$ cat structure36.pdb   # PDB, C-alpha atoms
ATOM      1  CA  ASP A   1     135.435  -4.668 134.642  1.00  0.00           C
ATOM      2  CA  SER A   2     135.812  -8.421 135.020  1.00  0.00           C
ATOM      3  CA  GLU A   3     137.739  -8.609 131.731  1.00  0.00           C
ATOM      4  CA  VAL A   4     140.150  -5.919 132.913  1.00  0.00           C
ATOM      5  CA  LEU A   5     140.705  -7.853 136.145  1.00  0.00           C
ATOM      6  CA  ARG A   6     141.231 -11.068 134.191  1.00  0.00           C
ATOM      7  CA  MET A   7     143.792  -9.412 131.894  1.00  0.00           C
ATOM      8  CA  ALA A   8     145.677  -8.081 134.915  1.00  0.00           C
ATOM      9  CA  GLN A   9     145.669 -11.549 136.470  1.00  0.00           C
ATOM     10  CA  LEU A  10     147.132 -12.905 133.220  1.00  0.00           C
ATOM     11  CA  GLY A  11     150.062 -10.492 133.557  1.00  0.00           C
ATOM     12  CA  TYR A  12     149.190  -7.580 131.283  1.00  0.00           C
ATOM     13  CA  ARG A  13     151.020  -4.469 132.537  1.00  0.00           C
ATOM     14  CA  VAL A  14     149.005  -1.856 130.593  1.00  0.00           C
ATOM     15  CA  ILE A  15     145.345  -2.037 129.574  1.00  0.00           C
ATOM     16  CA  ASN A  16     143.774   0.630 127.378  1.00  0.00           C
ATOM     17  CA  CYS A  17     140.003   1.111 127.794  1.00  0.00           C
ATOM     18  CA  SER A  18     137.371   3.319 126.278  1.00  0.00           C
ATOM     19  CA  TRP A  19     133.916   3.012 127.763  1.00  0.00           C
ATOM     20  CA  LEU A  20     131.757   4.452 130.479  1.00  0.00           C
ATOM     21  CA  ASN A  21     129.280   2.449 132.433  1.00  0.00           C
ATOM     22  CA  ARG A  22     128.117   4.847 135.108  1.00  0.00           C
ATOM     23  CA  CYS A  23     127.898   8.505 136.083  1.00  0.00           C
ATOM     24  CA  SER A  24     128.373   7.960 139.789  1.00  0.00           C
ATOM     25  CA  TYR A  25     130.972   6.425 142.057  1.00  0.00           C
ATOM     26  CA  SER A  26     130.729   2.727 142.949  1.00  0.00           C
ATOM     27  CA  VAL A  27     132.769   1.363 145.845  1.00  0.00           C
ATOM     28  CA  ILE A  28     132.693  -2.112 144.283  1.00  0.00           C
ATOM     29  CA  GLN A  29     133.908  -0.962 140.882  1.00  0.00           C
ATOM     30  CA  ASP A  30     136.543   1.249 142.522  1.00  0.00           C
ATOM     31  CA  SER A  31     137.841  -1.740 144.502  1.00  0.00           C
ATOM     32  CA  VAL A  32     138.220  -3.764 141.294  1.00  0.00           C
ATOM     33  CA  TYR A  33     140.400  -1.084 139.685  1.00  0.00           C
ATOM     34  CA  SER A  34     142.364  -0.603 142.907  1.00  0.00           C
ATOM     35  CA  GLU A  35     143.057  -4.343 142.964  1.00  0.00           C
ATOM     36  CA  VAL A  36     144.168  -4.270 139.337  1.00  0.00           C
ATOM     37  CA  LYS A  37     146.689  -1.536 140.108  1.00  0.00           C
ATOM     38  CA  ASN A  38     147.835  -2.467 143.597  1.00  0.00           C
ATOM     39  CA  LYS A  39     147.685  -6.264 143.616  1.00  0.00           C
ATOM     40  CA  TRP A  40     148.311  -7.102 139.954  1.00  0.00           C
ATOM     41  CA  ASN A  41     150.647  -4.152 139.228  1.00  0.00           C
ATOM     42  CA  THR A  42     148.755  -3.122 136.087  1.00  0.00           C
ATOM     43  CA  VAL A  43     148.048   0.381 134.794  1.00  0.00           C
ATOM     44  CA  VAL A  44     144.587   0.909 133.328  1.00  0.00           C
ATOM     45  CA  VAL A  45     144.210   3.884 130.976  1.00  0.00           C
ATOM     46  CA  PHE A  46     140.749   5.281 130.189  1.00  0.00           C
ATOM     47  CA  GLY A  47     139.397   7.921 127.835  1.00  0.00           C
ATOM     48  CA  ALA A  48     137.774  10.596 130.016  1.00  0.00           C
ATOM     49  CA  GLY A  49     134.611  11.177 127.947  1.00  0.00           C
ATOM     50  CA  ASN A  50     133.755  13.117 124.811  1.00  0.00           C
ATOM     51  CA  ASN A  51     130.707  15.309 125.148  1.00  0.00           C
ATOM     52  CA  SER A  52     127.971  16.528 127.438  1.00  0.00           C
ATOM     53  CA  THR A  53     125.819  13.478 126.677  1.00  0.00           C
ATOM     54  CA  HIS A  54     128.378  11.585 128.758  1.00  0.00           C
ATOM     55  CA  CYS A  55     126.899  12.135 132.235  1.00  0.00           C
ATOM     56  CA  GLY A  56     125.304  15.508 131.492  1.00  0.00           C
ATOM     57  CA  SER A  57     128.208  17.952 131.141  1.00  0.00           C
ATOM     58  CA  LEU A  58     131.811  18.246 129.996  1.00  0.00           C
ATOM     59  CA  SER A  59     132.948  18.591 133.605  1.00  0.00           C
ATOM     60  CA  ALA A  60     130.986  15.587 134.905  1.00  0.00           C
ATOM     61  CA  LYS A  61     132.913  12.606 136.147  1.00  0.00           C
ATOM     62  CA  VAL A  62     132.386   9.453 134.122  1.00  0.00           C
ATOM     63  CA  TYR A  63     133.276   6.064 135.516  1.00  0.00           C
ATOM     64  CA  PRO A  64     135.444   4.022 135.453  1.00  0.00           C
ATOM     65  CA  ALA A  65     137.683   6.784 134.003  1.00  0.00           C
ATOM     66  CA  SER A  66     137.360   8.890 137.158  1.00  0.00           C
ATOM     67  CA  TYR A  67     138.620   6.348 139.682  1.00  0.00           C
ATOM     68  CA  GLU A  68     141.883   7.343 141.346  1.00  0.00           C
ATOM     69  CA  SER A  69     143.536   4.023 140.515  1.00  0.00           C
ATOM     70  CA  VAL A  70     143.273   4.517 136.720  1.00  0.00           C
ATOM     71  CA  LEU A  71     144.816   7.095 134.403  1.00  0.00           C
ATOM     72  CA  SER A  72     142.123   9.300 132.897  1.00  0.00           C
ATOM     73  CA  VAL A  73     143.026  10.908 129.550  1.00  0.00           C
ATOM     74  CA  THR A  74     141.358  13.850 127.837  1.00  0.00           C
ATOM     75  CA  SER A  75     142.072  15.265 124.389  1.00  0.00           C
ATOM     76  CA  VAL A  76     144.117  18.140 123.107  1.00  0.00           C
ATOM     77  CA  GLY A  77     144.595  19.448 119.608  1.00  0.00           C
ATOM     78  CA  HIS A  78     146.475  22.317 118.045  1.00  0.00           C
ATOM     79  CA  ILE A  79     145.440  25.907 117.485  1.00  0.00           C
ATOM     80  CA  ASN A  80     146.482  25.642 113.837  1.00  0.00           C
ATOM     81  CA  GLU A  81     146.128  22.826 111.349  1.00  0.00           C
ATOM     82  CA  LEU A  82     148.859  20.206 111.336  1.00  0.00           C
ATOM     83  CA  GLY A  83     151.642  21.532 109.138  1.00  0.00           C
ATOM     84  CA  HIS A  84     150.807  25.213 109.614  1.00  0.00           C
ATOM     85  CA  THR A  85     153.776  27.299 108.562  1.00  0.00           C
ATOM     86  CA  SER A  86     154.682  30.937 108.721  1.00  0.00           C
ATOM     87  CA  GLN A  87     157.655  32.906 107.509  1.00  0.00           C
ATOM     88  CA  TRP A  88     159.491  31.512 110.548  1.00  0.00           C
ATOM     89  CA  GLY A  89     158.663  27.870 109.832  1.00  0.00           C
ATOM     90  CA  LEU A  90     156.323  25.828 111.987  1.00  0.00           C
ATOM     91  CA  ALA A  91     154.436  28.166 114.272  1.00  0.00           C
ATOM     92  CA  ASP A  92     151.611  28.400 116.794  1.00  0.00           C
ATOM     93  CA  TRP A  93     151.566  24.757 117.778  1.00  0.00           C
ATOM     94  CA  ARG A  94     150.302  25.456 121.295  1.00  0.00           C
ATOM     95  CA  ASP A  95     147.964  22.705 122.422  1.00  0.00           C
ATOM     96  CA  CYS A  96     144.348  23.544 123.189  1.00  0.00           C
ATOM     97  CA  HIS A  97     141.361  21.636 124.517  1.00  0.00           C
ATOM     98  CA  GLU A  98     138.886  22.917 121.975  1.00  0.00           C
ATOM     99  CA  GLU A  99     138.366  21.440 118.558  1.00  0.00           C
ATOM    100  CA  LEU A 100     136.890  24.765 117.447  1.00  0.00           C
ATOM    101  CA  ILE A 101     138.829  27.568 119.103  1.00  0.00           C
ATOM    102  CA  GLY A 102     136.529  29.678 121.279  1.00  0.00           C
ATOM    103  CA  ASP A 103     133.759  27.051 121.366  1.00  0.00           C
ATOM    104  CA  LYS A 104     133.875  25.561 124.877  1.00  0.00           C
ATOM    105  CA  GLU A 105     131.309  22.936 123.859  1.00  0.00           C
ATOM    106  CA  SER A 106     133.759  21.483 121.310  1.00  0.00           C
ATOM    107  CA  CYS A 107     135.962  20.141 124.130  1.00  0.00           C
ATOM    108  CA  HIS A 108     136.180  16.680 125.560  1.00  0.00           C
ATOM    109  CA  HIS A 109     135.740  15.973 129.256  1.00  0.00           C
ATOM    110  CA  HIS A 110     137.977  17.749 131.705  1.00  0.00           C
ATOM    111  CA  ASN A 111     137.620  17.656 135.488  1.00  0.00           C
ATOM    112  CA  ASP A 112     139.740  17.051 138.565  1.00  0.00           C
ATOM    113  CA  ALA A 113     139.796  13.293 137.868  1.00  0.00           C
ATOM    114  CA  VAL A 114     141.545  13.777 134.501  1.00  0.00           C
ATOM    115  CA  ASP A 115     145.239  13.020 134.853  1.00  0.00           C
ATOM    116  CA  ILE A 116     146.736  13.893 131.480  1.00  0.00           C
ATOM    117  CA  CYS A 117     146.021  15.083 127.945  1.00  0.00           C
ATOM    118  CA  ALA A 118     147.024  13.490 124.646  1.00  0.00           C
ATOM    119  CA  PRO A 119     146.212  14.120 120.960  1.00  0.00           C
ATOM    120  CA  GLY A 120     142.541  13.417 120.380  1.00  0.00           C
ATOM    121  CA  TYR A 121     141.405  15.705 117.548  1.00  0.00           C
ATOM    122  CA  ASN A 122     141.770  14.631 113.940  1.00  0.00           C
ATOM    123  CA  VAL A 123     143.988  11.671 114.876  1.00  0.00           C
ATOM    124  CA  PRO A 124     145.079   9.774 111.745  1.00  0.00           C
ATOM    125  CA  THR A 125     143.433   6.347 111.593  1.00  0.00           C
ATOM    126  CA  THR A 126     142.135   3.728 109.202  1.00  0.00           C
ATOM    127  CA  PHE A 127     138.586   3.354 107.940  1.00  0.00           C
ATOM    128  CA  LEU A 128     136.729   0.663 106.019  1.00  0.00           C
ATOM    129  CA  ASN A 129     137.670  -0.039 102.402  1.00  0.00           C
ATOM    130  CA  SER A 130     141.368   0.757 102.892  1.00  0.00           C
ATOM    131  CA  GLN A 131     140.649   4.417 103.562  1.00  0.00           C
ATOM    132  CA  TYR A 132     142.477   6.779 105.914  1.00  0.00           C
ATOM    133  CA  GLY A 133     141.201   9.823 107.741  1.00  0.00           C
ATOM    134  CA  GLY A 134     141.015  11.657 111.023  1.00  0.00           C
ATOM    135  CA  ALA A 135     138.968  10.723 114.064  1.00  0.00           C
ATOM    136  CA  TRP A 136     138.118  12.505 117.300  1.00  0.00           C
ATOM    137  CA  GLY A 137     137.700  11.521 120.917  1.00  0.00           C
ATOM    138  CA  THR A 138     139.363  10.512 124.121  1.00  0.00           C
ATOM    139  CA  SER A 139     139.276   6.959 122.755  1.00  0.00           C
ATOM    140  CA  PHE A 140     141.992   8.158 120.389  1.00  0.00           C
ATOM    141  CA  ALA A 141     143.895  10.049 123.097  1.00  0.00           C
ATOM    142  CA  ALA A 142     144.146   7.222 125.639  1.00  0.00           C
ATOM    143  CA  PRO A 143     146.180   4.856 123.407  1.00  0.00           C
ATOM    144  CA  HIS A 144     148.948   7.473 123.164  1.00  0.00           C
ATOM    145  CA  VAL A 145     149.352   7.315 126.943  1.00  0.00           C
ATOM    146  CA  ALA A 146     149.022   3.524 127.066  1.00  0.00           C
ATOM    147  CA  SER A 147     151.739   3.223 124.418  1.00  0.00           C
ATOM    148  CA  ALA A 148     154.096   5.473 126.376  1.00  0.00           C
ATOM    149  CA  LEU A 149     153.497   3.354 129.477  1.00  0.00           C
ATOM    150  CA  SER A 150     154.180   0.158 127.540  1.00  0.00           C
ATOM    151  CA  LEU A 151     157.507   1.562 126.362  1.00  0.00           C
ATOM    152  CA  MET A 152     158.366   2.553 129.938  1.00  0.00           C
ATOM    153  CA  PHE A 153     157.716  -0.991 131.168  1.00  0.00           C
ATOM    154  CA  THR A 154     159.775  -2.392 128.294  1.00  0.00           C
ATOM    155  CA  VAL A 155     162.749  -0.285 129.324  1.00  0.00           C
ATOM    156  CA  ASN A 156     162.230  -0.834 133.054  1.00  0.00           C
ATOM    157  CA  PRO A 157     160.039  -3.852 133.847  1.00  0.00           C
ATOM    158  CA  CYS A 158     160.721  -3.382 137.568  1.00  0.00           C
ATOM    159  CA  LEU A 159     158.579  -0.223 137.703  1.00  0.00           C
ATOM    160  CA  THR A 160     155.424  -0.561 139.733  1.00  0.00           C
ATOM    161  CA  ALA A 161     152.119   0.556 138.272  1.00  0.00           C
ATOM    162  CA  ASP A 162     152.052   3.443 140.746  1.00  0.00           C
ATOM    163  CA  GLU A 163     155.592   4.575 139.853  1.00  0.00           C
ATOM    164  CA  ALA A 164     154.836   4.483 136.125  1.00  0.00           C
ATOM    165  CA  MET A 165     151.599   6.452 136.542  1.00  0.00           C
ATOM    166  CA  LYS A 166     153.361   9.101 138.610  1.00  0.00           C
ATOM    167  CA  MET A 167     156.174   9.369 136.050  1.00  0.00           C
ATOM    168  CA  VAL A 168     153.760   9.923 133.184  1.00  0.00           C
ATOM    169  CA  VAL A 169     151.789  12.595 135.029  1.00  0.00           C
ATOM    170  CA  SER A 170     154.767  14.381 136.589  1.00  0.00           C
ATOM    171  CA  THR A 171     156.661  14.682 133.302  1.00  0.00           C
ATOM    172  CA  ALA A 172     153.739  16.031 131.259  1.00  0.00           C
ATOM    173  CA  ASP A 173     153.929  19.607 129.983  1.00  0.00           C
ATOM    174  CA  SER A 174     151.487  21.645 132.060  1.00  0.00           C
ATOM    175  CA  SER A 175     151.937  24.852 130.042  1.00  0.00           C
ATOM    176  CA  ILE A 176     148.572  24.258 128.365  1.00  0.00           C
ATOM    177  CA  TYR A 177     146.956  25.592 131.547  1.00  0.00           C
ATOM    178  CA  GLU A 178     148.943  28.844 131.701  1.00  0.00           C
TER
END
$ encode --input "structure36.pdb" --output "C-alpha cells"
Amino acid sequence: DSEVLRMAQLGYRVINCSWLNRCSYSVIQDSVYSEVKNKWNTVVVFGAGNNSTHCGSLSAKVYPASYESVLSVTSVGHINELGHTSQWGLADWRDCHEELIGDKESCHHHNDAVDICAPGYNVPTTFLNSQYGGAWGTSFAAPHVASALSLMFTVNPCLTADEAMKMVVSTADSSIYE
C-alpha cells in the first residue's frame, strides 16, 4: 500500500496491482486508496481474485480490490475457443465468466465490489525459455483495464481519476449479465 501511495505521489496516473492482503475491510487501508484517488488523482486497478481459496468463496470480497476508490476487475472468456468459425464466419463469441462452461467453480471472483470484466482466460503471454502460452487469472484481466485508462489519460490528461473510472465502467458492455 505504501508503494502505491508513493507512486501516486510521484505522478503516476494509473497503477496496476495484483495482490490481496486481507479478507476484511480496513479503514486505514481504505483511506490510503481514497487518498491515492482523490488527492493524487491516480486510478488504481486491482485483480478481483481467482478462486475460493481467496477469502473462502468466489463471492467473497478481497482487499484492497474491493475498496470503492479502486477499480476491481474480474475475468471473462469466450464460450468457444478463440478463432471458432461456423458456416457464417466467426460465431458464438459471447463472453462468459466460466472457464469451463457450466462449472460455476471455474469462475474468478465476482461480487458487488467488482467494477468491470476483462479477458482473463487463456490470455497470451510469455514464459521462460522464450516460450509463449496462455495464462489465467484476474492478474491478466486487470492490465487490459489499466492500459485502456492509460490511453484515456494520454488523449485527455485533464481527466480526473474519478471521471476516468466512471467512463470506463459506464461504457462497458453489460450484455454479459442478460
$ closest_residue --input "structure36.pdb" --among "A:Asn16, A:Thr138, A:Thr125, A:Asn111" --to "A:Gly47" --atoms "only C-alpha atoms"
A:Thr138
$ closest_residue --input "structure36.pdb" --among "A:Cys23, A:Met165, A:Val73, A:Ala135" --to "A:Ser57" --atoms "all atoms listed in the file"
A:Cys23
$ closest_residue --input "structure36.pdb" --among "A:Lys61, A:Arg22, A:His54, A:Lys39" --to "A:Leu5" --atoms "all atoms listed in the file"
A:Lys39
$ closest_residue --input "structure36.pdb" --among "A:Val114, A:His108, A:Met152, A:Thr160" --to "A:Trp136" --atoms "all atoms listed in the file"
A:His108
$ resolve_selection --input "structure36.pdb" --expression "the PyMOL selection byres ((chain A and resi 147) around 12)" --output "tab-separated table (two decimals) with C-alpha atoms, keeping the file's coordinate frame"
chain	number	residue	atom	x	y	z
A	13	ARG	CA	151.02	-4.47	132.54
A	14	VAL	CA	149.00	-1.86	130.59
A	15	ILE	CA	145.34	-2.04	129.57
A	16	ASN	CA	143.77	0.63	127.38
A	43	VAL	CA	148.05	0.38	134.79
A	44	VAL	CA	144.59	0.91	133.33
A	45	VAL	CA	144.21	3.88	130.98
A	118	ALA	CA	147.02	13.49	124.65
A	140	PHE	CA	141.99	8.16	120.39
A	141	ALA	CA	143.90	10.05	123.10
A	142	ALA	CA	144.15	7.22	125.64
A	143	PRO	CA	146.18	4.86	123.41
A	144	HIS	CA	148.95	7.47	123.16
A	145	VAL	CA	149.35	7.32	126.94
A	146	ALA	CA	149.02	3.52	127.07
A	148	ALA	CA	154.10	5.47	126.38
A	149	LEU	CA	153.50	3.35	129.48
A	150	SER	CA	154.18	0.16	127.54
A	151	LEU	CA	157.51	1.56	126.36
A	152	MET	CA	158.37	2.55	129.94
A	153	PHE	CA	157.72	-0.99	131.17
A	154	THR	CA	159.78	-2.39	128.29
A	168	VAL	CA	153.76	9.92	133.18
$ atom_distance --input "structure36.pdb" --atom1 "atom CA of A:Val62" --atom2 "atom CA of A:Glu35"
19.6 Å
$ resolve_selection --input "structure36.pdb" --expression "the PyMOL selection byres ((chain A and resi 1) around 9)" --output "PDB file with C-alpha atoms, in the coordinates of the input"
ATOM      1  CA  SER A   2     135.812  -8.421 135.020  1.00  0.00           C
ATOM      2  CA  GLU A   3     137.739  -8.609 131.731  1.00  0.00           C
ATOM      3  CA  VAL A   4     140.150  -5.919 132.913  1.00  0.00           C
ATOM      4  CA  LEU A   5     140.705  -7.853 136.145  1.00  0.00           C
ATOM      5  CA  ARG A   6     141.231 -11.068 134.191  1.00  0.00           C
ATOM      6  CA  GLN A  29     133.908  -0.962 140.882  1.00  0.00           C
ATOM      7  CA  VAL A  32     138.220  -3.764 141.294  1.00  0.00           C
ATOM      8  CA  TYR A  33     140.400  -1.084 139.685  1.00  0.00           C
ATOM      9  CA  PRO A  64     135.444   4.022 135.453  1.00  0.00           C
TER      10      PRO A  64
END
$ atom_distance --input "structure36.pdb" --atom1 "atom CA of A:Val70" --atom2 "atom CA of A:Thr126"
27.6 Å
$ residues_around --input "structure36.pdb" --residues "A:Ser72" --least-positions-apart "5" --cutoff "7 Å" --atoms "only C-alpha atoms" --output "list in words"
Val45, Phe46, Gly47, Ala48, Ala65, Ser66, Ala113, Val114, Asp115 and Ile116 of chain A
$ closest_residue --input "structure36.pdb" --among "A:Val36, A:Leu20, A:Val76, A:Ile28" --to "A:Ala8" --atoms "all atoms listed in the file"
A:Val36
$ axis_aligned_box --input "structure36.pdb" --around "stretch 152-164 of chain A" --padding-each-side "8 Å" --output "JSON"
{"center_x": 157.4, "center_y": 0.4, "center_z": 134.5, "size_x": 26.7, "size_y": 24.4, "size_z": 28.5}
$ atom_distance --input "structure36.pdb" --atom1 "atom CA of A:Asp112" --atom2 "atom CA of A:Leu159"
25.6 Å
$ build_atoms --input "structure36.pdb" --residues "stretch 46-69 of chain A" --atoms "N, CA, C and O atoms" --output "mmCIF file, in the frame of the given file"
data_model
loop_
_atom_site.group_PDB
_atom_site.id
_atom_site.type_symbol
_atom_site.label_atom_id
_atom_site.label_comp_id
_atom_site.auth_asym_id
_atom_site.auth_seq_id
_atom_site.Cartn_x
_atom_site.Cartn_y
_atom_site.Cartn_z
ATOM 1 N N PHE A 46 142.107 5.073 130.696
ATOM 2 C CA PHE A 46 140.749 5.281 130.189
ATOM 3 C C PHE A 46 140.623 6.620 129.484
ATOM 4 O O PHE A 46 141.183 7.621 129.944
ATOM 5 N N GLY A 47 139.847 6.660 128.408
ATOM 6 C CA GLY A 47 139.397 7.921 127.835
ATOM 7 C C GLY A 47 138.419 8.561 128.798
ATOM 8 O O GLY A 47 137.571 7.877 129.385
ATOM 9 N N ALA A 48 138.532 9.884 128.985
ATOM 10 C CA ALA A 48 137.774 10.596 130.016
ATOM 11 C C ALA A 48 136.321 10.892 129.648
ATOM 12 O O ALA A 48 135.516 11.183 130.524
ATOM 13 N N GLY A 49 135.970 10.835 128.393
ATOM 14 C CA GLY A 49 134.611 11.177 127.947
ATOM 15 C C GLY A 49 134.658 12.251 126.887
ATOM 16 O O GLY A 49 135.569 13.075 126.874
ATOM 17 N N ASN A 50 133.665 12.268 126.000
ATOM 18 C CA ASN A 50 133.755 13.117 124.811
ATOM 19 C C ASN A 50 132.795 14.291 124.720
ATOM 20 O O ASN A 50 133.085 15.243 124.024
ATOM 21 N N ASN A 51 131.659 14.213 125.328
ATOM 22 C CA ASN A 51 130.707 15.309 125.148
ATOM 23 C C ASN A 51 129.719 15.336 126.306
ATOM 24 O O ASN A 51 129.738 14.475 127.171
ATOM 25 N N SER A 52 128.875 16.335 126.299
ATOM 26 C CA SER A 52 127.971 16.528 127.438
ATOM 27 C C SER A 52 126.917 15.429 127.553
ATOM 28 O O SER A 52 126.275 15.311 128.594
ATOM 29 N N THR A 53 126.740 14.609 126.525
ATOM 30 C CA THR A 53 125.819 13.478 126.677
ATOM 31 C C THR A 53 126.425 12.417 127.586
ATOM 32 O O THR A 53 125.708 11.554 128.081
ATOM 33 N N HIS A 54 127.732 12.487 127.804
ATOM 34 C CA HIS A 54 128.378 11.585 128.758
ATOM 35 C C HIS A 54 128.212 12.167 130.158
ATOM 36 O O HIS A 54 128.961 13.039 130.571
ATOM 37 N N CYS A 55 127.194 11.764 130.844
ATOM 38 C CA CYS A 55 126.899 12.135 132.235
ATOM 39 C C CYS A 55 126.449 13.579 132.407
ATOM 40 O O CYS A 55 126.551 14.131 133.503
ATOM 41 N N GLY A 56 125.991 14.232 131.357
ATOM 42 C CA GLY A 56 125.304 15.508 131.492
ATOM 43 C C GLY A 56 126.092 16.779 131.288
ATOM 44 O O GLY A 56 125.511 17.825 131.051
ATOM 45 N N SER A 57 127.421 16.741 131.391
ATOM 46 C CA SER A 57 128.208 17.952 131.141
ATOM 47 C C SER A 57 129.655 17.566 130.856
ATOM 48 O O SER A 57 130.085 16.449 131.160
ATOM 49 N N LEU A 58 130.405 18.501 130.307
ATOM 50 C CA LEU A 58 131.811 18.246 129.996
ATOM 51 C C LEU A 58 132.681 18.164 131.242
ATOM 52 O O LEU A 58 133.782 17.644 131.191
ATOM 53 N N SER A 59 132.179 18.660 132.364
ATOM 54 C CA SER A 59 132.948 18.591 133.605
ATOM 55 C C SER A 59 132.504 17.441 134.510
ATOM 56 O O SER A 59 133.089 17.215 135.560
ATOM 57 N N ALA A 60 131.479 16.713 134.099
ATOM 58 C CA ALA A 60 130.986 15.587 134.905
ATOM 59 C C ALA A 60 132.020 14.468 134.943
ATOM 60 O O ALA A 60 132.756 14.254 133.993
ATOM 61 N N LYS A 61 132.044 13.773 136.038
ATOM 62 C CA LYS A 61 132.913 12.606 136.147
ATOM 63 C C LYS A 61 132.200 11.396 135.565
ATOM 64 O O LYS A 61 131.034 11.141 135.883
ATOM 65 N N VAL A 62 132.907 10.698 134.681
ATOM 66 C CA VAL A 62 132.386 9.453 134.122
ATOM 67 C C VAL A 62 133.236 8.315 134.680
ATOM 68 O O VAL A 62 134.426 8.470 134.923
ATOM 69 N N TYR A 63 132.592 7.204 134.900
ATOM 70 C CA TYR A 63 133.276 6.064 135.516
ATOM 71 C C TYR A 63 133.247 4.874 134.577
ATOM 72 O O TYR A 63 132.276 4.700 133.862
ATOM 73 N N PRO A 64 134.329 4.138 134.537
ATOM 74 C CA PRO A 64 135.444 4.022 135.453
ATOM 75 C C PRO A 64 136.606 5.001 135.236
ATOM 76 O O PRO A 64 137.572 4.983 136.003
ATOM 77 N N ALA A 65 136.554 5.879 134.270
ATOM 78 C CA ALA A 65 137.683 6.784 134.003
ATOM 79 C C ALA A 65 138.040 7.667 135.193
ATOM 80 O O ALA A 65 139.182 8.098 135.314
ATOM 81 N N SER A 66 137.118 7.941 136.071
ATOM 82 C CA SER A 66 137.360 8.890 137.158
ATOM 83 C C SER A 66 137.858 8.257 138.460
ATOM 84 O O SER A 66 138.064 8.972 139.432
ATOM 85 N N TYR A 67 138.066 6.955 138.475
ATOM 86 C CA TYR A 67 138.620 6.348 139.682
ATOM 87 C C TYR A 67 140.085 6.721 139.832
ATOM 88 O O TYR A 67 140.826 6.820 138.849
ATOM 89 N N GLU A 68 140.516 6.905 141.056
ATOM 90 C CA GLU A 68 141.883 7.343 141.346
ATOM 91 C C GLU A 68 142.929 6.322 140.899
ATOM 92 O O GLU A 68 144.053 6.681 140.566
ATOM 93 N N SER A 69 142.569 5.068 140.838
ATOM 94 C CA SER A 69 143.536 4.023 140.515
ATOM 95 C C SER A 69 143.739 3.810 139.018
ATOM 96 O O SER A 69 144.519 2.945 138.621
#
